Amino acid sequence: MDPIAQARNRTITREKRFQLLVEAVVDYAIYMIDPDGRIASWNAGAERINGYATDEAVGRHFSMFFTEEDRHKGLPQQALELAGSAGRFESEGWRLRKDGSRFWALAVLDAVRDETGTLIGFAKITRDMTERRRAEEALFESERRFRLLVDSITDYAIFMLDPAGCVINWNGGARRVMGYTAGEIIGRHVGCFYTEEDLRQGVPEHALKVAGTEGKYESEGWRVRKDGSRFFAAVVIDAIRDSNGELVGFAKITRDVTERQQAQIAIEQAREQLFQAQKLEALGQLSGGVAHDFNNLLTVIVGAAAMAERHADDNGKLRSLLGHIRQAAQRGEDLTRQLLAFSRRQPLRPEVLDLRDRLAALARLLDRSLRGDIRIVLELPPDLRPVDADPTQLELALLNVGLNARDAMPDGGTLTIAGENVALRNEIDGLAGDYVAIRLTDTGFGIPEDIRAKVFEPFFTTKEIGKGSGLGLSQAYGFAKQSGGSARIESEVGKGTTVTFYLPASDAVPAAPRQARAAPAKPMKPACGTILVVEDDPDVAELAVAALEQSGYSVKLAHEARSALTLLEGGEPIDFVFSDIVMPSGMNGVELAQRIRARFPKLPILLATGYSEAAASAEARAFPLITKPYDPDKLVAEIGDLIDASRNETP
């Protein structure tokens with residue numbers, strides 16, 4: 001065979017092999033188109049993808065695969081023209097199968113030219129990319145929904161940071177929480193949300209470093225909004241890495257938890273207040289118990305010293321020593337009274353008080369009592385309401401605070417006494433209703449925070465030993481609480497202290513102040529009659545019996561209530577009963593007095609107490625009362641007056 005024939009055979013063989021290769025491809029539609037766009041060949045892949053058999057496709061225009069919209073736009077012709085001029089045309093779009101269904105196609109159209117460069121047709125390759133397209137659309141829709149979800153979240157600020165910490169996107173929650181729009185914040189560093197203190201300490205950089213090395217960073221702290229206001233934030237920063245593990249940025253979630261923080265602070269404050277209230281209540285109970293026993297001791301000391309002075313004759317040194325004993329006992333009596341005030345167990349005699357007059361009088365008293373370098377300022381509105389309070393205890397409480405203010409201003413200053421009508425809604429120790437706030441404000445050195453919570457405790461003082469008992473402010477606190485109100489203290493080191501009393505406002509009209517008159521001295525009357533003394537403390541009982549017998553009375557003694565009743569029921573002639581309130585064996589002095597009055601209605605009775613809750617009862621107020629420690633002469637005079645009054649009553 002000649003060489004030309006051999007070459008022709010080899011060419012035919014290669015073309016057959018190529019044809020077989022093209023026919024064997026089923027994932028791609030590979031076919032030829034003539035210059036006018038009509039199909040000239042058709043492979044198995046084209047039949048599978050487009051659905052047409054070879055004899056159904058060859059000779060027809062390839063535009064039949066385009067959608068009606070694309071044919072209306074002239075896209076098939078544009079594809080031929082562009083491929084013819086440029087040699088190649090690529091596109092993606094929806095195409096039609098024989099059954100009318102659509103598929104997403106990736107199409108390449110290459111111009112085919114002969115040896116002279118004349119266009120003889122086009123080679124078209126089409127691939128069905130529907131699954132990829134659907135996956136992309138699903139991914140896009142998923143991303144769109146995720147973006148919509150993130151942007152619609154308004155309770156959380158959710159945004160991205162680049163590796164340097166600059167904001168690269170911004171959701172609706174971030175706009176609400178931080179106050180910035182996306183245009184105002186994208187590109188700025190995350191440090192703009194931190195406080196000046198945190199910026200100085202490098203907190204933003206530390207947070208990104210921890211998140212980058214450990215994958216996550218969580219914290220809570222104060223952050224700054226666009227308008228400069230602060231909010232308490234819970235923050236989570238997550239590192240974002242690509243498939244190669246390279247850091248590409250951070251996801252940051254911030255939530256405004258200011259209300260939770262404030263609630264937590266309120267809970268802690270309430271817990272601390274409850275603890276303080278429980279501690280003060282426990283101290284009050286202890287103080288009340290101590291005061292009872294202490295008053296019995298003082299009664300013995302005061303009485304014994306008074307009776308001993310009667311027998312001192314002209315021994316001046318002995319009389320002086322006894323006088324010192326009585327003075328010390330008087331000081332002990334004052335301390336006991338202050339303890340009872342703190343424990344809210346002192347007997348009060350409340351009156352309707354005009355505070356403008358009372359506080360003006362107090363200002364004059366303090367002006368005389370304090371140093372000349374301390375200025376007293378009164379700030380009392382004309383409509384200041386009256387209050388229900390014991391005038392003596394009110395004056396003592398305010399005076400105690402004023403003296404503390406004096407000590408806090410060694411170099412002089414100003415003490416302001418102010419009054420204000422307030423309506424409370426449980427914000428002050430659960431008080432609700434109309435109250436009057438009395439504020440004493442000094443310009444002294446203030447009280448440190450760690451000490452402030454202790455100032456109302458009895459015996460707590462920052463003064464030198466011997467300079468104060470530590471009972472002044474405790475008396476003031478106890479008086480306010482027992483009066484149905486409360487007391488608060490506010491202070492800042494270097495800026496002074498304010499003590500505020502909250503006392504119940506009254507709608508009643510204050511009574512005109514009584515003019516104090518000196519009581520005329522009464523000569524001691526000769527005593528006669530039999531007195532029943534009921535006292536469980538043997539020392540106090542001995543003192544009372546001795547004082548009464550020295551005055552001429554006959555005395556019978558019982559150490560508990562039932563023995564006293566037995567003695568009375570036995571017909572023993574008794575002219576007067578003097579009984580302590582606190583008694584053993586289950587019956588107190590008030591109950592004893594009630595039984596005696598029921599059985600012997602004309603028999604006069606005097607009760608004594610150093611401290612007792614029973615003394616404050618309505619039942620106890622039906623009987624005369626003398627408080628311990630009592631002076632023997634005062635006891636004898638009180639009993640004499642009551643006996644005279646009972647004898648002078650009309651039968």
# chains A, B, ... in the order shown; residues from 1 in each chain; ligands from 1
$ residues_around --residues "Gly419 in chain A" --least-positions-apart "2" --cutoff "9 Å" --atoms "only C-alpha atoms" --output "ChimeraX atom specification"
/A:355-356,359,378-381,384,417,421,436-439
$ residues_around --residues "range 568-575 of chain A" --least-positions-apart "6" --cutoff "6 Å" --atoms "only C-alpha atoms" --output "VMD selection string"
chain A and resid 529 to 531
$ write_last_selection --atoms "N, CA and C atoms" --output "compact mmCIF listing (two decimals), in the first residue's frame"
# COMPACT_ATOMS: atom_id res chain seq x y z
N GLY A 529 -48.46 52.00 158.03
CA GLY A 529 -49.12 51.00 157.22
C GLY A 529 -48.19 49.84 156.90
N THR A 530 -48.77 48.82 156.29
CA THR A 530 -48.00 47.61 155.95
C THR A 530 -47.90 47.50 154.43
N ILE A 531 -46.68 47.28 153.99
CA ILE A 531 -46.41 47.19 152.55
C ILE A 531 -45.92 45.78 152.24
$ select_by_dssp --residues "range 96-229 of chain A" --states "helix (DSSP H, G or I)" --output "ChimeraX atom specification"
/A:130-152,172-178,182-185,190-193,196-200,203-214
$ closest_residue --among "A:Glu90, A:Asp641, A:Asp580, A:Asp198" --to "Gln78 in chain A" --atoms "only C-alpha atoms"
A:Glu90
$ atom_distance --atom1 "CA of Gly478 in chain A" --atom2 "CA of Leu394 in chain A"
10.8 Å
$ residues_around --residues "Ala561 in chain A" --least-positions-apart "4" --cutoff "12 Å" --atoms "only C-alpha atoms" --output "PyMOL selection string"
chain A and resi 532-536+557+565-568+577-596
$ write_last_selection --atoms "C-alpha atoms" --output "compact mmCIF listing (two decimals), in the first residue's frame"
# COMPACT_ATOMS: atom_id res chain seq x y z
CA LEU A 532 -46.04 43.91 150.67
CA VAL A 533 -42.78 43.87 148.68
CA VAL A 534 -42.62 41.27 145.88
CA GLU A 535 -39.05 41.01 144.54
CA ASP A 536 -37.11 37.94 143.38
CA LEU A 557 -41.66 40.20 151.72
CA LEU A 565 -51.14 35.87 146.50
CA THR A 566 -51.11 33.24 149.25
CA LEU A 567 -50.15 35.90 151.81
CA LEU A 568 -52.95 38.23 150.64
CA VAL A 577 -48.24 46.23 147.16
CA PHE A 578 -44.85 47.06 145.58
CA SER A 579 -43.86 44.43 142.96
CA ASP A 580 -41.15 43.92 140.40
CA ILE A 581 -42.46 43.02 136.93
CA VAL A 582 -39.95 40.30 136.02
CA MET A 583 -40.77 37.35 138.27
CA PRO A 584 -40.00 33.61 138.35
CA SER A 585 -42.50 30.72 138.47
CA GLY A 586 -44.48 31.68 135.36
CA MET A 587 -46.42 34.74 136.67
CA ASN A 588 -44.99 38.23 136.17
CA GLY A 589 -45.72 41.36 138.18
CA VAL A 590 -48.32 42.68 135.72
CA GLU A 591 -50.34 39.45 135.97
CA LEU A 592 -50.00 39.56 139.75
CA ALA A 593 -51.26 43.16 139.82
CA GLN A 594 -54.27 42.23 137.69
CA ARG A 595 -55.22 39.39 140.05
CA ILE A 596 -54.82 41.61 143.10
$ residues_around --residues "range 360-372 of chain A" --least-positions-apart "3" --cutoff "12 Å" --atoms "only C-alpha atoms" --output "PDB file with N, CA and C atoms, in the first residue's frame"
ATOM      1  N   ASP A 354     -44.250  69.449 117.019  1.00  0.00           N
ATOM      2  CA  ASP A 354     -43.992  70.405 115.944  1.00  0.00           C
ATOM      3  C   ASP A 354     -42.479  70.430 115.712  1.00  0.00           C
ATOM      4  N   LEU A 355     -42.037  69.819 114.617  1.00  0.00           N
ATOM      5  CA  LEU A 355     -40.597  69.667 114.393  1.00  0.00           C
ATOM      6  C   LEU A 355     -39.903  71.000 114.136  1.00  0.00           C
ATOM      7  N   ARG A 356     -40.607  71.951 113.533  1.00  0.00           N
ATOM      8  CA  ARG A 356     -39.950  73.242 113.290  1.00  0.00           C
ATOM      9  C   ARG A 356     -39.526  73.871 114.613  1.00  0.00           C
ATOM     10  N   ASP A 357     -40.398  73.837 115.616  1.00  0.00           N
ATOM     11  CA  ASP A 357     -40.041  74.396 116.923  1.00  0.00           C
ATOM     12  C   ASP A 357     -38.976  73.547 117.607  1.00  0.00           C
ATOM     13  N   ARG A 375     -20.554  75.914 112.483  1.00  0.00           N
ATOM     14  CA  ARG A 375     -21.735  76.706 112.142  1.00  0.00           C
ATOM     15  C   ARG A 375     -22.950  75.781 112.031  1.00  0.00           C
ATOM     16  N   ILE A 376     -24.065  76.175 112.639  1.00  0.00           N
ATOM     17  CA  ILE A 376     -25.303  75.410 112.579  1.00  0.00           C
ATOM     18  C   ILE A 376     -26.211  76.046 111.528  1.00  0.00           C
ATOM     19  N   VAL A 377     -26.691  75.229 110.573  1.00  0.00           N
ATOM     20  CA  VAL A 377     -27.584  75.709 109.521  1.00  0.00           C
ATOM     21  C   VAL A 377     -28.895  74.932 109.602  1.00  0.00           C
ATOM     22  N   LEU A 378     -30.021  75.661 109.609  1.00  0.00           N
ATOM     23  CA  LEU A 378     -31.348  75.042 109.636  1.00  0.00           C
ATOM     24  C   LEU A 378     -31.994  75.151 108.259  1.00  0.00           C
ATOM     25  N   GLU A 379     -32.512  74.035 107.756  1.00  0.00           N
ATOM     26  CA  GLU A 379     -33.230  74.023 106.480  1.00  0.00           C
ATOM     27  C   GLU A 379     -34.559  73.304 106.700  1.00  0.00           C
ATOM     28  N   LEU A 380     -35.569  74.068 107.128  1.00  0.00           N
ATOM     29  CA  LEU A 380     -36.861  73.492 107.487  1.00  0.00           C
ATOM     30  C   LEU A 380     -37.954  74.131 106.634  1.00  0.00           C
ATOM     31  N   PRO A 391     -40.545  63.210 122.987  1.00  0.00           N
ATOM     32  CA  PRO A 391     -39.709  64.407 122.823  1.00  0.00           C
ATOM     33  C   PRO A 391     -38.341  64.283 123.483  1.00  0.00           C
ATOM     34  N   THR A 392     -38.303  63.655 124.655  1.00  0.00           N
ATOM     35  CA  THR A 392     -37.022  63.523 125.357  1.00  0.00           C
ATOM     36  C   THR A 392     -36.065  62.633 124.580  1.00  0.00           C
ATOM     37  N   LEU A 394     -36.223  61.901 121.361  1.00  0.00           N
ATOM     38  CA  LEU A 394     -35.873  62.553 120.092  1.00  0.00           C
ATOM     39  C   LEU A 394     -34.734  63.536 120.298  1.00  0.00           C
ATOM     40  N   GLU A 395     -34.862  64.358 121.325  1.00  0.00           N
ATOM     41  CA  GLU A 395     -33.805  65.332 121.590  1.00  0.00           C
ATOM     42  C   GLU A 395     -32.487  64.632 121.894  1.00  0.00           C
ATOM     43  N   LEU A 396     -32.541  63.551 122.672  1.00  0.00           N
ATOM     44  CA  LEU A 396     -31.322  62.819 123.004  1.00  0.00           C
ATOM     45  C   LEU A 396     -30.693  62.214 121.754  1.00  0.00           C
ATOM     46  N   ALA A 397     -31.518  61.644 120.873  1.00  0.00           N
ATOM     47  CA  ALA A 397     -30.994  61.028 119.648  1.00  0.00           C
ATOM     48  C   ALA A 397     -30.315  62.063 118.762  1.00  0.00           C
ATOM     49  N   LEU A 398     -30.982  63.207 118.567  1.00  0.00           N
ATOM     50  CA  LEU A 398     -30.404  64.251 117.716  1.00  0.00           C
ATOM     51  C   LEU A 398     -29.154  64.848 118.352  1.00  0.00           C
ATOM     52  N   LEU A 399     -29.181  64.975 119.668  1.00  0.00           N
ATOM     53  CA  LEU A 399     -28.007  65.508 120.360  1.00  0.00           C
ATOM     54  C   LEU A 399     -26.823  64.557 120.231  1.00  0.00           C
ATOM     55  N   ASN A 400     -27.078  63.254 120.346  1.00  0.00           N
ATOM     56  CA  ASN A 400     -25.997  62.274 120.179  1.00  0.00           C
ATOM     57  C   ASN A 400     -25.357  62.379 118.801  1.00  0.00           C
ATOM     58  N   VAL A 401     -26.196  62.530 117.764  1.00  0.00           N
ATOM     59  CA  VAL A 401     -25.659  62.669 116.407  1.00  0.00           C
ATOM     60  C   VAL A 401     -24.887  63.973 116.275  1.00  0.00           C
ATOM     61  N   GLY A 402     -25.427  65.052 116.858  1.00  0.00           N
ATOM     62  CA  GLY A 402     -24.739  66.338 116.784  1.00  0.00           C
ATOM     63  C   GLY A 402     -23.374  66.307 117.447  1.00  0.00           C
ATOM     64  N   LEU A 403     -23.266  65.635 118.577  1.00  0.00           N
ATOM     65  CA  LEU A 403     -21.971  65.545 119.263  1.00  0.00           C
ATOM     66  C   LEU A 403     -20.983  64.702 118.467  1.00  0.00           C
ATOM     67  N   ASN A 404     -21.473  63.661 117.797  1.00  0.00           N
ATOM     68  CA  ASN A 404     -20.595  62.890 116.919  1.00  0.00           C
ATOM     69  C   ASN A 404     -20.105  63.744 115.750  1.00  0.00           C
ATOM     70  N   ALA A 405     -21.003  64.587 115.229  1.00  0.00           N
ATOM     71  CA  ALA A 405     -20.608  65.489 114.141  1.00  0.00           C
ATOM     72  C   ALA A 405     -19.527  66.455 114.608  1.00  0.00           C
ATOM     73  N   ARG A 406     -19.673  66.949 115.836  1.00  0.00           N
ATOM     74  CA  ARG A 406     -18.641  67.844 116.390  1.00  0.00           C
ATOM     75  C   ARG A 406     -17.278  67.162 116.415  1.00  0.00           C
ATOM     76  N   ASP A 407     -17.236  65.916 116.867  1.00  0.00           N
ATOM     77  CA  ASP A 407     -15.965  65.195 116.946  1.00  0.00           C
ATOM     78  C   ASP A 407     -15.381  64.917 115.567  1.00  0.00           C
ATOM     79  N   ALA A 408     -16.260  64.866 114.534  1.00  0.00           N
ATOM     80  CA  ALA A 408     -15.780  64.597 113.173  1.00  0.00           C
ATOM     81  C   ALA A 408     -15.266  65.849 112.488  1.00  0.00           C
ATOM     82  N   MET A 409     -15.414  67.024 113.146  1.00  0.00           N
ATOM     83  CA  MET A 409     -14.947  68.286 112.550  1.00  0.00           C
ATOM     84  C   MET A 409     -13.994  68.999 113.514  1.00  0.00           C
ATOM     85  N   PRO A 410     -12.830  68.416 113.772  1.00  0.00           N
ATOM     86  CA  PRO A 410     -11.902  69.025 114.741  1.00  0.00           C
ATOM     87  C   PRO A 410     -11.411  70.401 114.327  1.00  0.00           C
ATOM     88  N   ASP A 411     -11.427  70.680 113.026  1.00  0.00           N
ATOM     89  CA  ASP A 411     -10.970  71.992 112.536  1.00  0.00           C
ATOM     90  C   ASP A 411     -12.134  72.905 112.176  1.00  0.00           C
ATOM     91  N   GLY A 412     -13.325  72.575 112.657  1.00  0.00           N
ATOM     92  CA  GLY A 412     -14.487  73.389 112.352  1.00  0.00           C
ATOM     93  C   GLY A 412     -15.207  72.898 111.105  1.00  0.00           C
ATOM     94  N   GLY A 413     -16.382  73.473 110.875  1.00  0.00           N
ATOM     95  CA  GLY A 413     -17.160  73.068 109.707  1.00  0.00           C
ATOM     96  C   GLY A 413     -18.612  73.485 109.863  1.00  0.00           C
ATOM     97  N   THR A 414     -19.478  72.794 109.164  1.00  0.00           N
ATOM     98  CA  THR A 414     -20.909  73.135 109.153  1.00  0.00           C
ATOM     99  C   THR A 414     -21.736  71.906 109.489  1.00  0.00           C
ATOM    100  N   LEU A 415     -22.701  72.082 110.376  1.00  0.00           N
ATOM    101  CA  LEU A 415     -23.677  71.047 110.678  1.00  0.00           C
ATOM    102  C   LEU A 415     -25.034  71.554 110.193  1.00  0.00           C
ATOM    103  N   THR A 416     -25.596  70.864 109.217  1.00  0.00           N
ATOM    104  CA  THR A 416     -26.885  71.256 108.643  1.00  0.00           C
ATOM    105  C   THR A 416     -27.977  70.346 109.182  1.00  0.00           C
ATOM    106  N   ILE A 417     -29.028  70.958 109.723  1.00  0.00           N
ATOM    107  CA  ILE A 417     -30.188  70.211 110.216  1.00  0.00           C
ATOM    108  C   ILE A 417     -31.335  70.508 109.268  1.00  0.00           C
ATOM    109  N   ALA A 418     -31.812  69.486 108.565  1.00  0.00           N
ATOM    110  CA  ALA A 418     -32.835  69.675 107.540  1.00  0.00           C
ATOM    111  C   ALA A 418     -34.010  68.747 107.798  1.00  0.00           C
ATOM    112  N   GLY A 419     -35.178  69.171 107.357  1.00  0.00           N
ATOM    113  CA  GLY A 419     -36.383  68.341 107.454  1.00  0.00           C
ATOM    114  C   GLY A 419     -37.071  68.261 106.107  1.00  0.00           C
ATOM    115  N   LEU A 440     -29.182  65.227 109.548  1.00  0.00           N
ATOM    116  CA  LEU A 440     -28.080  65.986 110.141  1.00  0.00           C
ATOM    117  C   LEU A 440     -26.833  65.693 109.313  1.00  0.00           C
ATOM    118  N   PRO A 513     -46.419  73.708 123.844  1.00  0.00           N
ATOM    119  CA  PRO A 513     -45.368  73.236 124.758  1.00  0.00           C
ATOM    120  C   PRO A 513     -45.665  73.627 126.196  1.00  0.00           C
TER     121      PRO A 513
END
$ atom_distance --atom1 "CA of Leu208 in chain A" --atom2 "CA of Thr195 in chain A"
16.3 Å
$ select_by_dssp --residues "range 151-247 of chain A" --states "strand (DSSP E)" --output "VMD selection string"
chain A and resid 156 to 161 216 to 224 230 to 241 247
$ closest_residue --among "A:Ser101, A:Thr443, A:Ser474, A:Thr181" --to "Lys226 in chain A" --atoms "only C-alpha atoms"
A:Thr181
$ residues_around --residues "Arg38 in chain A" --least-positions-apart "2" --cutoff "7 Å" --atoms "only C-alpha atoms" --output "PyMOL selection string"
chain A and resi 33-34+36+40+59-62
$ closest_residue --among "A:Leu635, A:Ala234, A:Ala620, A:Ile125" --to "Leu548 in chain A" --atoms "only C-alpha atoms"
A:Leu635
$ atom_distance --atom1 "CA of Gly245 in chain A" --atom2 "CA of Arg133 in chain A"
28.1 Å
$ closest_residue --among "A:Ile325, A:Asp442, A:Trp94, A:Ala608" --to "Ile374 in chain A" --atoms "only C-alpha atoms"
A:Asp442
